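Structure file work.cif (mmCIF, C-alpha atoms) follows.
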data_query
loop_
_atom_site.label_atom_id
_atom_site.label_comp_id
_atom_site.auth_asym_id
_atom_site.auth_seq_id
_atom_site.Cartn_x
_atom_site.Cartn_y
_atom_site.Cartn_z
CA MET L 1 256.30 146.39 44.51
CA ASP L 2 254.43 148.44 41.97
CA LYS L 3 254.53 146.77 38.56
CA ALA L 4 254.69 148.78 35.36
CA VAL L 5 251.31 148.49 33.66
CA LYS L 6 250.46 149.56 30.12
CA VAL L 7 247.02 149.39 28.52
CA TYR L 8 246.79 149.50 24.73
CA SER L 9 243.24 150.49 23.85
CA THR L 10 240.86 152.38 21.58
CA PRO L 11 238.48 155.01 22.97
CA VAL L 12 235.14 153.26 22.46
CA CYS L 13 235.87 149.58 22.90
CA PRO L 14 233.78 148.37 25.83
CA TYR L 15 236.32 145.88 27.18
CA CYS L 16 239.02 148.56 27.13
CA ILE L 17 236.80 150.78 29.23
CA ARG L 18 236.06 147.93 31.62
CA ALA L 19 239.69 146.90 31.91
CA LYS L 20 240.75 150.44 32.76
CA GLN L 21 237.86 150.79 35.21
CA PHE L 22 238.99 147.57 36.92
CA LEU L 23 242.55 148.85 37.25
CA ARG L 24 241.37 152.17 38.69
CA GLU L 25 239.12 150.40 41.19
CA ASN L 26 242.18 148.50 42.38
CA ASN L 27 244.30 151.66 42.56
CA ILE L 28 246.66 150.46 39.86
CA VAL L 29 248.51 153.24 38.09
CA PHE L 30 248.82 152.55 34.38
CA ASP L 31 250.04 154.03 31.15
CA ASP L 32 246.98 154.53 28.92
CA ILE L 33 247.97 154.15 25.27
CA ASP L 34 245.35 155.11 22.69
CA VAL L 35 246.39 153.09 19.63
CA SER L 36 243.88 154.92 17.45
CA LEU L 37 246.01 158.08 17.77
CA ASN L 38 249.40 156.45 17.96
CA GLN L 39 250.34 154.35 14.94
CA PRO L 40 253.79 153.25 16.20
CA ALA L 41 252.19 152.08 19.44
CA ALA L 42 249.54 150.20 17.46
CA GLU L 43 252.27 148.40 15.54
CA GLU L 44 254.15 147.67 18.75
CA MET L 45 250.98 146.18 20.25
CA ILE L 46 250.32 144.01 17.18
CA GLN L 47 253.90 142.82 17.14
CA ARG L 48 254.06 142.06 20.87
CA SER L 49 250.66 140.36 21.15
CA GLY L 50 250.63 138.76 17.70
CA GLN L 51 247.07 139.94 17.10
CA MET L 52 244.99 143.08 16.52
CA GLY L 53 242.27 142.91 19.17
CA VAL L 54 242.10 145.47 21.97
CA PRO L 55 242.59 145.82 24.88
CA VAL L 56 246.09 144.46 25.34
CA LEU L 57 247.65 144.77 28.79
CA ASP L 58 251.35 144.73 29.49
CA ILE L 59 251.90 143.96 33.14
CA ALA L 60 255.61 144.03 33.93
CA GLY L 61 256.33 142.53 30.52
CA GLN L 62 253.56 139.92 30.61
CA ILE L 63 251.14 140.38 27.69
CA ILE L 64 247.45 139.77 28.36
CA VAL L 65 245.00 139.95 25.46
CA GLY L 66 241.45 141.05 26.28
CA PHE L 67 239.83 141.92 29.59
CA ASP L 68 240.73 138.63 31.30
CA LYS L 69 240.06 139.52 34.92
CA GLU L 70 241.57 136.36 36.40
CA LYS L 71 244.82 136.64 34.45
CA ILE L 72 245.07 140.34 35.25
CA LYS L 73 244.55 139.67 38.96
CA GLN L 74 247.20 136.96 38.88
CA ALA L 75 249.72 139.10 37.05
CA LEU L 76 249.17 141.93 39.52
CA GLY L 77 249.17 139.65 42.54
CA LEU L 78 245.71 140.86 43.64
CA MET P 1 218.30 128.09 46.10
CA TYR P 2 217.32 131.42 44.54
CA ASP P 3 213.93 132.93 43.76
CA LEU P 4 215.18 134.02 40.36
CA ILE P 5 218.21 133.47 38.16
CA ILE P 6 218.72 135.89 35.28
CA ILE P 7 220.95 134.71 32.45
CA GLY P 8 222.53 137.65 30.66
CA ALA P 9 223.30 141.27 31.57
CA GLY P 10 222.45 143.26 28.47
CA PRO P 11 219.59 145.79 28.45
CA ALA P 12 216.99 143.04 29.08
CA GLY P 13 218.87 141.19 31.83
CA ILE P 14 219.98 144.35 33.64
CA THR P 15 216.50 145.88 33.60
CA ALA P 16 215.05 142.57 34.81
CA SER P 17 217.61 142.50 37.64
CA VAL P 18 216.83 146.08 38.72
CA TYR P 19 213.13 145.21 38.95
CA ALA P 20 213.92 141.97 40.82
CA ALA P 21 216.21 143.76 43.27
CA ARG P 22 213.50 146.31 44.00
CA LYS P 23 211.06 143.45 44.67
CA LYS P 24 213.70 142.05 47.06
CA MET P 25 213.80 138.68 45.32
CA GLY P 26 216.62 136.25 46.08
CA LEU P 27 218.48 136.96 42.87
CA LEU P 28 221.46 135.59 40.96
CA VAL P 29 222.69 137.06 37.68
CA ILE P 30 224.91 134.89 35.48
CA THR P 31 226.49 136.50 32.46
CA LYS P 32 229.31 136.29 29.96
CA ASP P 33 229.65 140.06 29.75
CA ILE P 34 227.96 143.27 30.83
CA GLY P 35 226.05 145.50 28.45
CA GLY P 36 225.65 142.88 25.74
CA GLN P 37 225.38 144.17 22.20
CA ALA P 38 224.39 147.63 23.48
CA ALA P 39 227.98 148.04 24.70
CA LEU P 40 229.19 147.39 21.16
CA SER P 41 226.85 149.89 19.48
CA GLY P 42 228.09 153.15 18.03
CA ASP P 43 225.91 156.23 18.47
CA ILE P 44 222.46 155.83 20.00
CA GLU P 45 219.90 158.55 19.35
CA ASN P 46 216.63 156.74 20.06
CA TYR P 47 216.78 155.71 23.71
CA THR P 48 214.23 157.99 25.37
CA GLY P 49 215.78 160.50 27.74
CA TYR P 50 219.08 160.54 25.88
CA GLN P 51 219.11 162.58 22.69
CA PHE P 52 222.59 161.28 22.07
CA ILE P 53 224.67 158.69 23.89
CA THR P 54 227.23 156.11 22.75
CA GLY P 55 226.72 152.40 23.27
CA PRO P 56 229.52 152.00 25.85
CA GLU P 57 228.21 155.02 27.81
CA LEU P 58 224.66 153.72 27.93
CA ALA P 59 225.92 150.27 28.93
CA ALA P 60 227.96 151.86 31.74
CA LYS P 61 224.83 153.66 32.97
CA PHE P 62 222.89 150.37 32.94
CA GLU P 63 225.67 148.66 34.88
CA GLU P 64 225.85 151.46 37.45
CA HIS P 65 222.09 151.19 37.97
CA MET P 66 222.31 147.43 38.53
CA ARG P 67 225.30 147.67 40.87
CA LYS P 68 223.41 150.17 43.04
CA PHE P 69 221.73 147.07 44.46
CA ASP P 70 223.39 144.29 46.37
CA ILE P 71 223.18 141.70 43.60
CA ILE P 72 225.05 138.42 43.37
CA LEU P 73 226.66 138.68 39.96
CA LYS P 74 228.64 135.91 38.28
CA GLU P 75 230.57 137.50 35.44
CA ASN P 76 232.55 135.68 32.73
CA GLU P 77 230.31 132.68 33.28
CA GLU P 78 228.33 130.99 30.54
CA ALA P 79 225.10 128.99 30.82
CA LYS P 80 225.45 125.55 29.27
CA ASP P 81 222.19 123.84 30.18
CA ILE P 82 218.81 124.61 31.71
CA LYS P 83 216.37 122.00 32.98
CA LYS P 84 213.10 121.95 34.89
CA ILE P 85 213.35 119.31 37.61
CA ASP P 86 210.21 118.95 39.72
CA ASN P 87 209.30 122.53 40.67
CA LYS P 88 212.79 123.92 40.33
CA VAL P 89 214.83 125.17 37.44
CA VAL P 90 218.44 124.02 37.36
CA VAL P 91 220.99 126.08 35.44
CA LYS P 92 224.36 124.53 34.65
CA THR P 93 227.24 126.76 33.61
CA ASP P 94 230.87 126.28 32.66
CA LYS P 95 231.70 126.84 36.34
CA GLY P 96 228.87 125.36 38.42
CA ALA P 97 225.17 124.56 38.88
CA TYR P 98 222.47 126.69 40.46
CA GLU P 99 218.80 126.25 41.37
CA ALA P 100 215.91 128.68 41.39
CA TRP P 101 212.13 128.76 41.35
CA ALA P 102 212.24 130.81 38.16
CA VAL P 103 214.71 131.80 35.43
CA ILE P 104 214.72 134.62 32.90
CA ILE P 105 216.79 133.86 29.83
CA ALA P 106 218.11 137.19 28.51
CA SER P 107 221.22 135.93 26.76
CA GLY P 108 220.82 138.05 23.64
CA LYS P 109 222.41 137.52 20.27
CA ARG P 110 225.92 137.29 18.85
CA SER P 111 227.49 137.96 15.47
CA ARG P 112 226.93 135.38 12.79
CA GLU P 113 230.11 133.88 11.40
CA LEU P 114 230.98 133.54 7.72
CA ASN P 115 231.89 129.86 7.80
CA VAL P 116 234.68 130.14 5.27
CA MET P 117 238.28 128.97 5.21
CA GLY P 118 240.64 131.13 7.23
CA GLU P 119 237.94 132.64 9.43
CA GLN P 120 238.91 130.95 12.71
CA GLU P 121 242.63 131.36 11.97
CA PHE P 122 242.45 135.12 11.41
CA LYS P 123 240.05 136.14 14.17
CA ASN P 124 241.65 139.17 15.83
CA ARG P 125 244.43 138.96 13.27
CA GLY P 126 242.76 141.37 10.91
CA LEU P 127 239.30 139.80 11.02
CA SER P 128 236.83 141.49 13.35
CA TYR P 129 233.16 141.28 14.27
CA CYS P 130 233.17 144.66 16.03
CA ALA P 131 233.91 147.76 13.98
CA THR P 132 233.25 149.97 17.01
CA CYS P 133 236.07 148.22 18.90
CA ASP P 134 238.65 147.58 16.24
CA ALA P 135 238.18 150.13 13.42
CA PRO P 136 240.79 152.56 14.84
CA LEU P 137 243.51 149.93 14.35
CA PHE P 138 243.07 150.05 10.59
CA ALA P 139 244.17 153.63 9.99
CA GLY P 140 245.44 153.97 6.43
CA TYR P 141 244.73 150.33 5.52
CA ASP P 142 242.51 148.84 2.84
CA VAL P 143 239.65 146.91 4.41
CA SER P 144 236.59 144.96 3.39
CA ILE P 145 233.21 144.76 5.05
CA ILE P 146 231.12 141.68 4.50
CA GLY P 147 227.39 142.43 4.59
CA GLY P 148 224.80 144.78 3.15
CA GLY P 149 222.42 145.86 5.91
CA ASN P 150 222.46 148.56 8.55
CA SER P 151 225.27 147.06 10.61
CA CYS P 152 227.43 146.92 7.48
CA LEU P 153 226.67 150.58 6.73
CA ASP P 154 227.34 151.52 10.37
CA ALA P 155 230.75 149.83 10.12
CA ALA P 156 231.42 151.58 6.80
CA LEU P 157 230.61 155.00 8.28
CA GLN P 158 233.04 154.37 11.13
CA LEU P 159 235.76 153.16 8.75
CA ILE P 160 235.37 155.95 6.18
CA LYS P 161 237.12 158.32 8.58
CA ILE P 162 239.97 155.88 9.15
CA ALA P 163 240.68 153.42 6.33
CA ARG P 164 242.26 154.11 2.94
CA HIS P 165 239.80 152.15 0.82
CA ILE P 166 236.75 150.07 1.71
CA TYR P 167 235.30 147.18 -0.26
CA ILE P 168 231.76 146.15 0.65
CA ILE P 169 231.09 142.52 -0.26
CA ASN P 170 227.33 142.08 -0.44
CA ILE P 171 225.69 138.76 -1.23
CA ALA P 172 222.44 140.44 -2.36
CA ALA P 173 221.72 142.45 -5.52
CA ALA P 174 221.71 145.80 -3.68
CA LEU P 175 222.49 147.27 -0.29
CA THR P 176 219.57 147.31 2.12
CA GLY P 177 219.72 149.48 5.22
CA ASP P 178 218.70 153.09 5.78
CA ALA P 179 218.79 155.42 2.77
CA VAL P 180 220.51 158.18 4.77
CA MET P 181 223.43 155.92 5.67
CA ARG P 182 223.59 154.42 2.19
CA GLU P 183 223.94 157.87 0.63
CA LYS P 184 226.74 158.86 3.00
CA VAL P 185 228.62 155.66 2.17
CA GLU P 186 228.15 156.05 -1.58
CA LYS P 187 229.17 159.73 -1.53
CA SER P 188 232.38 159.12 0.44
CA GLY P 189 234.29 158.26 -2.72
CA ILE P 190 236.44 155.63 -1.02
CA VAL P 191 233.95 152.76 -0.97
CA SER P 192 233.65 150.14 -3.72
CA ILE P 193 230.44 148.16 -3.49
CA PHE P 194 230.43 144.62 -4.91
CA ASN P 195 226.88 143.30 -5.05
CA ASN P 196 226.03 139.68 -5.83
CA ALA P 197 229.42 138.79 -4.41
CA GLN P 198 230.46 136.14 -1.93
CA VAL P 199 233.52 135.59 0.24
CA ALA P 200 235.22 132.26 -0.38
CA GLU P 201 238.31 132.50 1.82
CA ILE P 202 240.29 134.74 4.15
CA ILE P 203 243.96 134.76 3.14
CA GLY P 204 247.10 135.74 5.01
CA ASP P 205 250.09 134.46 6.93
CA LYS P 206 250.38 135.93 10.42
CA MET P 207 247.77 138.59 9.68
CA VAL P 208 245.09 139.01 7.02
CA LYS P 209 246.48 139.84 3.59
CA GLY P 210 243.41 139.50 1.43
CA ILE P 211 240.10 137.86 0.71
CA LYS P 212 239.08 135.60 -2.10
CA ILE P 213 235.67 136.56 -3.47
CA LYS P 214 233.37 135.10 -6.09
CA ARG P 215 231.39 137.37 -8.38
CA GLU P 216 230.11 137.33 -11.93
CA GLY P 217 231.03 133.68 -12.14
CA ARG P 218 234.71 134.07 -11.35
CA GLU P 219 237.05 134.25 -8.40
CA GLU P 220 239.31 137.15 -7.54
CA ILE P 221 241.55 138.17 -4.68
CA LEU P 222 241.23 141.57 -3.06
CA PRO P 223 244.33 142.65 -1.15
CA VAL P 224 243.04 143.97 2.20
CA GLN P 225 244.52 144.06 5.69
CA GLY P 226 241.21 144.13 7.50
CA VAL P 227 237.95 142.18 7.23
CA PHE P 228 234.84 143.24 9.13
CA VAL P 229 232.05 140.67 9.28
CA GLU P 230 228.59 142.25 9.50
CA ILE P 231 226.20 139.55 8.31
CA GLY P 232 223.66 139.64 11.08
CA LEU P 233 223.13 138.00 14.42
CA ILE P 234 222.14 134.64 15.86
CA PRO P 235 220.45 134.03 19.23
CA ASN P 236 222.42 132.65 22.18
CA SER P 237 219.79 130.00 22.82
CA GLU P 238 221.58 126.70 22.12
CA PHE P 239 221.95 125.87 25.82
CA ALA P 240 218.17 126.00 26.37
CA LYS P 241 217.55 122.65 24.75
CA ASP P 242 214.01 121.97 26.07
CA VAL P 243 212.72 125.48 25.42
CA LYS P 244 210.62 125.95 22.30
CA LYS P 245 212.21 128.09 19.58
CA ASN P 246 211.22 129.39 16.15
CA GLN P 247 213.01 128.61 12.86
CA TYR P 248 215.68 131.25 13.63
CA GLY P 249 216.50 129.73 17.02
CA GLU P 250 214.75 132.55 18.89
CA ILE P 251 213.00 131.53 22.11
CA MET P 252 209.23 131.71 21.70
CA VAL P 253 207.46 133.72 24.40
CA ASN P 254 203.91 134.91 24.96
CA SER P 255 202.97 138.44 26.00
CA ARG P 256 203.84 137.54 29.61
CA ASN P 257 207.39 136.47 28.60
CA GLU P 258 206.54 132.85 29.42
CA THR P 259 208.18 130.04 27.43
CA ASN P 260 206.66 126.60 26.94
CA ILE P 261 208.14 125.57 30.32
CA PRO P 262 206.45 127.04 33.45
CA GLY P 263 209.06 128.87 35.52
CA ILE P 264 211.30 129.61 32.54
CA PHE P 265 210.80 133.10 31.15
CA SER P 266 212.72 134.93 28.46
CA ALA P 267 213.28 138.54 27.38
CA GLY P 268 215.14 140.70 24.89
CA ASP P 269 216.86 139.90 21.62
CA VAL P 270 217.07 136.16 22.29
CA THR P 271 213.27 135.95 22.00
CA ASP P 272 210.93 135.98 19.00
CA VAL P 273 209.54 139.39 19.99
CA PRO P 274 209.65 141.42 16.78
CA GLU P 275 212.04 144.38 16.45
CA LYS P 276 215.41 144.24 18.20
CA GLN P 277 215.97 147.56 19.93
CA ILE P 278 217.68 148.47 23.21
CA ILE P 279 214.56 150.13 24.52
CA ILE P 280 212.38 147.15 23.62
CA ALA P 281 214.80 144.70 25.26
CA ALA P 282 214.84 146.83 28.41
CA GLY P 283 211.04 147.00 28.49
CA GLU P 284 210.73 143.26 27.94
CA GLY P 285 213.18 142.67 30.81
CA SER P 286 211.05 144.65 33.23
CA LYS P 287 207.90 142.87 32.05
CA ALA P 288 209.55 139.48 32.50
CA THR P 289 210.44 140.18 36.14
CA LEU P 290 206.95 141.48 36.92
CA ASN P 291 205.52 138.27 35.50
CA VAL P 292 208.03 136.18 37.47
CA PHE P 293 206.88 138.02 40.59
CA ARG P 294 203.29 137.10 39.80
CA TYR P 295 204.32 133.49 39.12
CA LEU P 296 206.25 133.20 42.42
CA SER P 297 203.36 134.73 44.40
CA SER P 298 200.82 132.32 42.89
CA ARG P 299 203.14 129.38 43.53
CA ARG P 300 203.42 130.32 47.19
CA ALA P 301 199.69 130.90 47.63
#
As structure tokens, the full file:
Amino acid sequence: MDKAVKVYSTPVCPYCIRAKQFLRENNIVFDDIDVSLNQPAAEEMIQRSGQMGVPVLDIAGQIIVGFDKEKIKQALGL
Amino acid sequence: MYDLIIIGAGPAGITASVYAARKKMGLLVITKDIGGQAALSGDIENYTGYQFITGPELAAKFEEHMRKFDIILKENEEAKDIKKIDNKVVVKTDKGAYEAWAVIIASGKRSRELNVMGEQEFKNRGLSYCATCDAPLFAGYDVSIIGGGNSCLDAALQLIKIARHIYIINIAAALTGDAVMREKVEKSGIVSIFNNAQVAEIIGDKMVKGIKIKREGREEILPVQGVFVEIGLIPNSEFAKDVKKNQYGEIMVNSRNETNIPGIFSAGDVTDVPEKQIIIAAGEGSKATLNVFRYLSSRRA
């Protein structure tokens, strides 16, 4: 029951680093999207989350803004 | 009941917790985030032992050091109140209440807000307090930076590589901040500096579309898609109602990191210790724990 996980992030944002670290610690495979290098992806993120802050997580279609550990856990069923 | 509760896990709180763990104190760390402002810094070239390291990397090293010990860590939790009751210190948070013989407040500082119309509405919708985090999202856009000191120049240097044009809105008559950075910003050719100017409003619909500024006795609107607020920092000390503070809200401590309340200590940027530097905060954190250790030993004797 692996869920598709995408992380929209920038290279130096601390909460992006922590969010990705958290996913790795829980053996979650994710698509790492660097929005600083990928303008269409940045626009997609802004459009889907309605805001410009990173990180944004897409867990099986559910959008989570920021490193919100509880919401992420819930969405992943951890 | 703990020996020591540390509030905050920036350079001061983490260093304090490492010292406390090594003294085998019964320790609880309560914190909103890990790394504090250090994690939001750009390049760091003055932390001894590292000729060059980025803020997030140094914060990760701090965290790794702390997690080496078996510490009870409550993350995403915010202190709301602290009280001395009899011999104990009681800390209330947004999630619970805890007791200890001693507390170190190391809650640091946060970005000062502009207090203008549109600010709350457009947070994360084009308005940012962290250039390090969000600058890459503004590739090819026109942006403004509000401020005039080093943090403003730091933001400008990050944005020069990314944005199309940058407007610096500075309330003072000239930019302050380091001459080296100022020169780089002025030479870039894409930065307009408006001194003696003030922001009146952030404008937009879904996202930021511009800012209204006042200068030379009139109002004008600058069309920008990004606004970076870099107007300094305020201490996270509001919850410590009984603790004595200076006019800036910084917790007053003596050379032993003691506050006016026995058992409540404080360290790092939240205090009135002059000069806010990562290395100073870390040093103050270690000093605070050593003084807590002395305090606990004398209390037991």
Distance table requested - chain L against chain P, cut-off 8 Å, only C-alpha atoms: one row per qualifying residue with the closest atom pair and its distance in Å to one decimal, ordered by chain and rising residue number, as a tab-separated table.
residue	atom	partner	partner_atom	distance
L:Thr10	CA	P:Pro136	CA	6.7
L:Val12	CA	P:Cys133	CA	6.2
L:Cys13	CA	P:Cys133	CA	4.2
L:Pro14	CA	P:Pro56	CA	5.6
L:Val35	CA	P:Leu137	CA	6.8
L:Ser36	CA	P:Pro136	CA	4.7
L:Gln39	CA	P:Ala139	CA	7.9
L:Ala42	CA	P:Leu137	CA	6.8
L:Gly50	CA	P:Arg125	CA	7.6
L:Gln51	CA	P:Arg125	CA	4.8
L:Met52	CA	P:Asn124	CA	5.2
L:Gly53	CA	P:Asn124	CA	5.1
L:Val54	CA	P:Asp134	CA	7.0
Excluding Tyr15 (chain L) and its own-chain neighbours fewer than 4 positions away, which residues fall within 7 Å of it when counting only C-alpha atoms? Please give them as a VMD selection string. chain L and resid 19 55 67
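A straight line drawn from CA of Ile64 (chain L) to CA of Glu77 (chain P) is 19.2 Å long.
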Name all residues at most 7 Å from Ile72 (chain P) (count all atoms listed in the file; drop same-chain ones fewer than 5 positions away) and give them as an mmCIF file with C-alpha atoms, keeping the file's coordinate frame.
data_model
loop_
_atom_site.group_PDB
_atom_site.id
_atom_site.type_symbol
_atom_site.label_atom_id
_atom_site.label_comp_id
_atom_site.auth_asym_id
_atom_site.auth_seq_id
_atom_site.Cartn_x
_atom_site.Cartn_y
_atom_site.Cartn_z
ATOM 1 C CA LEU P 27 218.480 136.960 42.870
ATOM 2 C CA LEU P 28 221.460 135.590 40.960
ATOM 3 C CA VAL P 29 222.690 137.060 37.680
#
Expand the PyMOL selection byres ((chain P and resi 194-205) around 6) into the individual residues it matches in the shown file, reporting them as a VMD selection string. chain P and resid 116 to 118 168 to 174 193 206 to 215
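For the atom pair formed by CA of Phe69 (chain P) and CA of Ser17 (chain P), the distance is 9.2 Å, given to one decimal.
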List the residues selected by the PyMOL selection byres ((chain P and resi 108-110) around 7) in the file shown, writing them as an MDAnalysis selection string. chainID P and resid 106:107 111:112 233:236 268:270
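One distance worth recording is that between CA of Ser298 (chain P) and CA of Ala102 (chain P), which is 12.5 Å.
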Return as a PyMOL selection string the set of residues that the PyMOL selection byres ((chain L and resi 33) around 6) yields on the displayed structure. chain L and resi 7-8+32+34-35
Spatial neighbours of Lys6 (chain L), 7 Å, all atoms listed in the file, chain gap at least 3 places, as an NGL selection string: :L and (30-32 or 57-59)
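Closest to Asp81 (chain P) among P:Val243, P:Ile53, P:Ile279, P:Ala267 is P:Val243, based on all atoms listed in the file.
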Please provide the set of residues having any atom within 12 Å of Leu78 (chain L), restricted to all atoms listed in the file, with same-chain residues fewer than 3 positions apart removed, written as a PyMOL selection string. chain L and resi 1-3+22-23+25-28+69-75
Just to be explicit: take each residue in the selection above, keep C-alpha atoms, and write the result as an mmCIF file, keeping the file's coordinate frame.
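Saved as again.cif:
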data_model
loop_
_atom_site.group_PDB
_atom_site.id
_atom_site.type_symbol
_atom_site.label_atom_id
_atom_site.label_comp_id
_atom_site.auth_asym_id
_atom_site.auth_seq_id
_atom_site.Cartn_x
_atom_site.Cartn_y
_atom_site.Cartn_z
ATOM 1 C CA MET L 1 256.300 146.390 44.510
ATOM 2 C CA ASP L 2 254.430 148.440 41.970
ATOM 3 C CA LYS L 3 254.530 146.770 38.560
ATOM 4 C CA PHE L 22 238.990 147.570 36.920
ATOM 5 C CA LEU L 23 242.550 148.850 37.250
ATOM 6 C CA GLU L 25 239.120 150.400 41.190
ATOM 7 C CA ASN L 26 242.180 148.500 42.380
ATOM 8 C CA ASN L 27 244.300 151.660 42.560
ATOM 9 C CA ILE L 28 246.660 150.460 39.860
ATOM 10 C CA LYS L 69 240.060 139.520 34.920
ATOM 11 C CA GLU L 70 241.570 136.360 36.400
ATOM 12 C CA LYS L 71 244.820 136.640 34.450
ATOM 13 C CA ILE L 72 245.070 140.340 35.250
ATOM 14 C CA LYS L 73 244.550 139.670 38.960
ATOM 15 C CA GLN L 74 247.200 136.960 38.880
ATOM 16 C CA ALA L 75 249.720 139.100 37.050
#
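Closest approach to Val65 (chain L) from the set L:Cys16, L:Arg24, L:Val29, L:Glu43 is made by L:Cys16, with distances taken over all atoms listed in the file.
Of the listed residues P:Thr176, P:Asn254, P:Gln247, P:Ser144, the one whose atoms come nearest to Gln225 (chain P) is P:Ser144, with distances taken using all atoms listed in the file.
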